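Reviewing the structure listed below.
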Amino acid sequence: MTKLTYLEDFDVESCKAVIVSVTKGDERHDIVLDATCFYPRGGGQDWDTGIIYADNNEFEVNGVRLDENGDVHHFGLFKKGEFVVGDQVECKVDHERRNVNTRLHSAGHVIDMAIDAVGLDWVATKGQHYTHLSAIEYQGSFESEQSEELKQKIEQKANELVSEGLVNAIKFMPVEEMSQICRHVPDNIPSNKPARVVVYGDSFGVPCGGTHVSNLGEVGKINIPKIKSKKGVIRVNYTVEGINS
């Protein structure tokens with residue numbers, strides 16, 4: 001399994017690694033490392049891009065995937081030279097893209113916190129944290145005439161949490177223990193990477209393998225333009241100021 005250094009540090013955007021395999025394709029190549037700071041697409045969050053380099057060799061990463069065995073595949077093209085198995089390399093994530101993806105993803109969890117704080121028992125089932133579409137789906141219900149009121153309450157509470165600048169923490173634990181600090185533990189937590197909980201603020205635990213801000217103040221102002229419910233599925237659309245608002 002590739003060591004996922006981004007799981008251990010909110011701010012890591014570079015690391016040292018060793019080339020495990022290089023597979024050349026017609027249009028792009030696939031590199032596997034023994035460790036990586038690159039986030040692979042998953043959980044509704046997009047992948048990182050950036051470079052892998054050593055001496056005069058440079059590989060541009062434009063896609064990242066985690067396979068069922070826990071190996072991370074870095075897809076892209078050599079810009080200069082090439083690598084062979086055993087080479088020691090440096091990895092560097094594109095900061096701008098990482099920052100956008102992290103803020104959008106974290107904003108989704110702030111909305112979860114706000115929903116809990118205003119006393120709603122909705123259960124999050126799916127998230128989409130992309131610049132072109134940011135939304136969270138929940139199991140639950142509400143009366144249609146409540147839509148505007150709920151939208152305003154959740155948005156207000158979410159921005160209160162952001163303005164408080166709450167600090168997050170990382171905890172690794174067995175899945176069976178997560179319910180002690182998490183409001184909801186999904187049944188489909190992946191087994192191909194370490195089980196991790198990110199604690200937002202003092203006590204709101206989130207089982208999640210994505211990238212997160214270390215301080216909620218980094219998220220920025222959240223806007224919720226629409227909440228709708230259909231057949232027991234509630235969809236909360238949101239934007240973050242300066243990204244997709």
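Identifiers in the structure tokens: chain A, B, ... in order shown; residue index from 1 per chain; ligand index from 1 in order shown.
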
Exercise. Any idea what's packed within 8 Å of Ala169 (chain A), counting only C-alpha atoms, ignoring anything in its chain fewer than 3 positions away? Could you give it as a PyMOL selection string?
Worked result: chain A and resi 198-201+214

If we count only C-alpha atoms, what is near Leu77 (chain A) at a cut-off of 7 Å, once residues fewer than 2 positions away on the same chain are taken out, given as a compact mmCIF listing (two decimals) with N, CA, C and O atoms, in the first residue's frame?
# COMPACT_ATOMS: atom_id res chain seq x y z
N ARG A 28 -0.73 8.56 -21.84
CA ARG A 28 -0.17 9.02 -20.58
C ARG A 28 0.40 7.83 -19.84
O ARG A 28 0.10 6.68 -20.15
N HIS A 29 1.23 8.11 -18.85
CA HIS A 29 1.93 7.07 -18.10
C HIS A 29 1.38 6.97 -16.68
O HIS A 29 0.65 7.84 -16.21
N PHE A 59 8.00 14.74 -13.99
CA PHE A 59 6.76 14.09 -14.43
C PHE A 59 5.58 14.96 -14.00
O PHE A 59 5.46 15.31 -12.82
N GLU A 60 4.75 15.35 -14.94
CA GLU A 60 3.59 16.18 -14.64
C GLU A 60 2.39 15.29 -14.32
O GLU A 60 1.95 14.49 -15.15
N LYS A 79 7.84 15.47 -18.60
CA LYS A 79 8.18 16.73 -19.24
C LYS A 79 9.67 16.79 -19.55
O LYS A 79 10.09 17.43 -20.51

For this session: Just the residues within 9 Å of Gly220 (chain A), please, counting only C-alpha atoms, with nothing from its chain fewer than 6 positions along; format it as a PyMOL selection string.
Result: chain A and resi 103+107+159+162-163+240-242

Could the residues in this selection be saved with C-alpha atoms as an mmCIF file, in the first residue's frame?
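Result file is result_33.cif:
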data_model
loop_
_atom_site.group_PDB
_atom_site.id
_atom_site.type_symbol
_atom_site.label_atom_id
_atom_site.label_comp_id
_atom_site.auth_asym_id
_atom_site.auth_seq_id
_atom_site.Cartn_x
_atom_site.Cartn_y
_atom_site.Cartn_z
ATOM 1 C CA ARG A 103 -12.007 24.468 1.152
ATOM 2 C CA ALA A 107 -17.356 23.551 3.669
ATOM 3 C CA ASN A 159 -20.925 30.943 8.781
ATOM 4 C CA VAL A 162 -16.452 29.530 10.144
ATOM 5 C CA SER A 163 -16.120 32.903 11.883
ATOM 6 C CA VAL A 240 -17.939 29.169 -1.163
ATOM 7 C CA GLU A 241 -17.117 32.828 -1.670
ATOM 8 C CA GLY A 242 -14.230 33.342 -4.060
#

For this session: Might you pull out every residue within 10 Å of Asn244 (chain A), with only C-alpha atoms counted and same-chain residues fewer than 6 positions away left off, and present them as a list in words?
Result: Val100, Leu104, Tyr130, Thr131, His132, Leu133, Ser134, Asn223 and Tyr238 of chain A

Exercise. Contacts of Gly86 (chain A) at 12 Å or less, counting only C-alpha atoms, minus same-chain residues fewer than 3 places along, as a PyMOL selection string?
Worked result: chain A and resi 17-22+31-34+83+89

For this session: Looking only at strand (DSSP E) from DSSP on the backbone, list the matching residues of region 41-241 of chain A as a PyMOL selection string.
Result: chain A and resi 50-54+57-66+72-80+88-93+123-129+134-139+169-172+196-200+204-207+222-230+233-240

Region 135-208 of chain A residues near region 66-71 of chain A within 12 Å, closest pair each, using only C-alpha atoms, as a tab-separated table:
residue	atom	partner	partner_atom	distance
A:Pro190	CA	A:Glu68	CA	8.8
A:Ser191	CA	A:Glu68	CA	8.3
A:Asn192	CA	A:Gly70	CA	4.6
A:Lys193	CA	A:Gly70	CA	6.0
A:Pro194	CA	A:Gly70	CA	9.5

For this session: Quick one: pull the distance between CA of Gly63 (chain A) and CA of Ser106 (chain A), Å, one decimal.
Result: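 These two atoms are separated by 21.3 Å.
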
For this session: Find the residues near Ile170 (chain A): any atom within 9 Å, counting only C-alpha atoms, skip ones fewer than 5 places away on the same chain, and give them as a count of residues only.
Result: 8

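CA of Ala114 (chain A) to CA of Ile222 (chain A) spans 11.3 Å [interatomic distance, one decimal].
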
For this session: Have a look at A:Leu216, A:Val61, A:Ile224, A:Ile51 and name the one nearest to Glu155 (chain A); count only C-alpha atoms.
Result: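 Selected residue with least distance to Glu155 (chain A): A:Ile224.
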
Exercise. From the set A:Val233, A:Ile181, A:Ala135, A:Ile227, which residue has the shortest atom-to-atom contact distance to Gln152 (chain A), counting only C-alpha atoms?
Worked result: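 Using only C-alpha atoms, the shortest distance to Gln152 (chain A) belongs to A:Ile227.
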
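Nearest to Gln180 (chain A) of all the residues A:Ile234, A:Ala158, A:Val206, A:Val84 is A:Val206, based on only C-alpha atoms.
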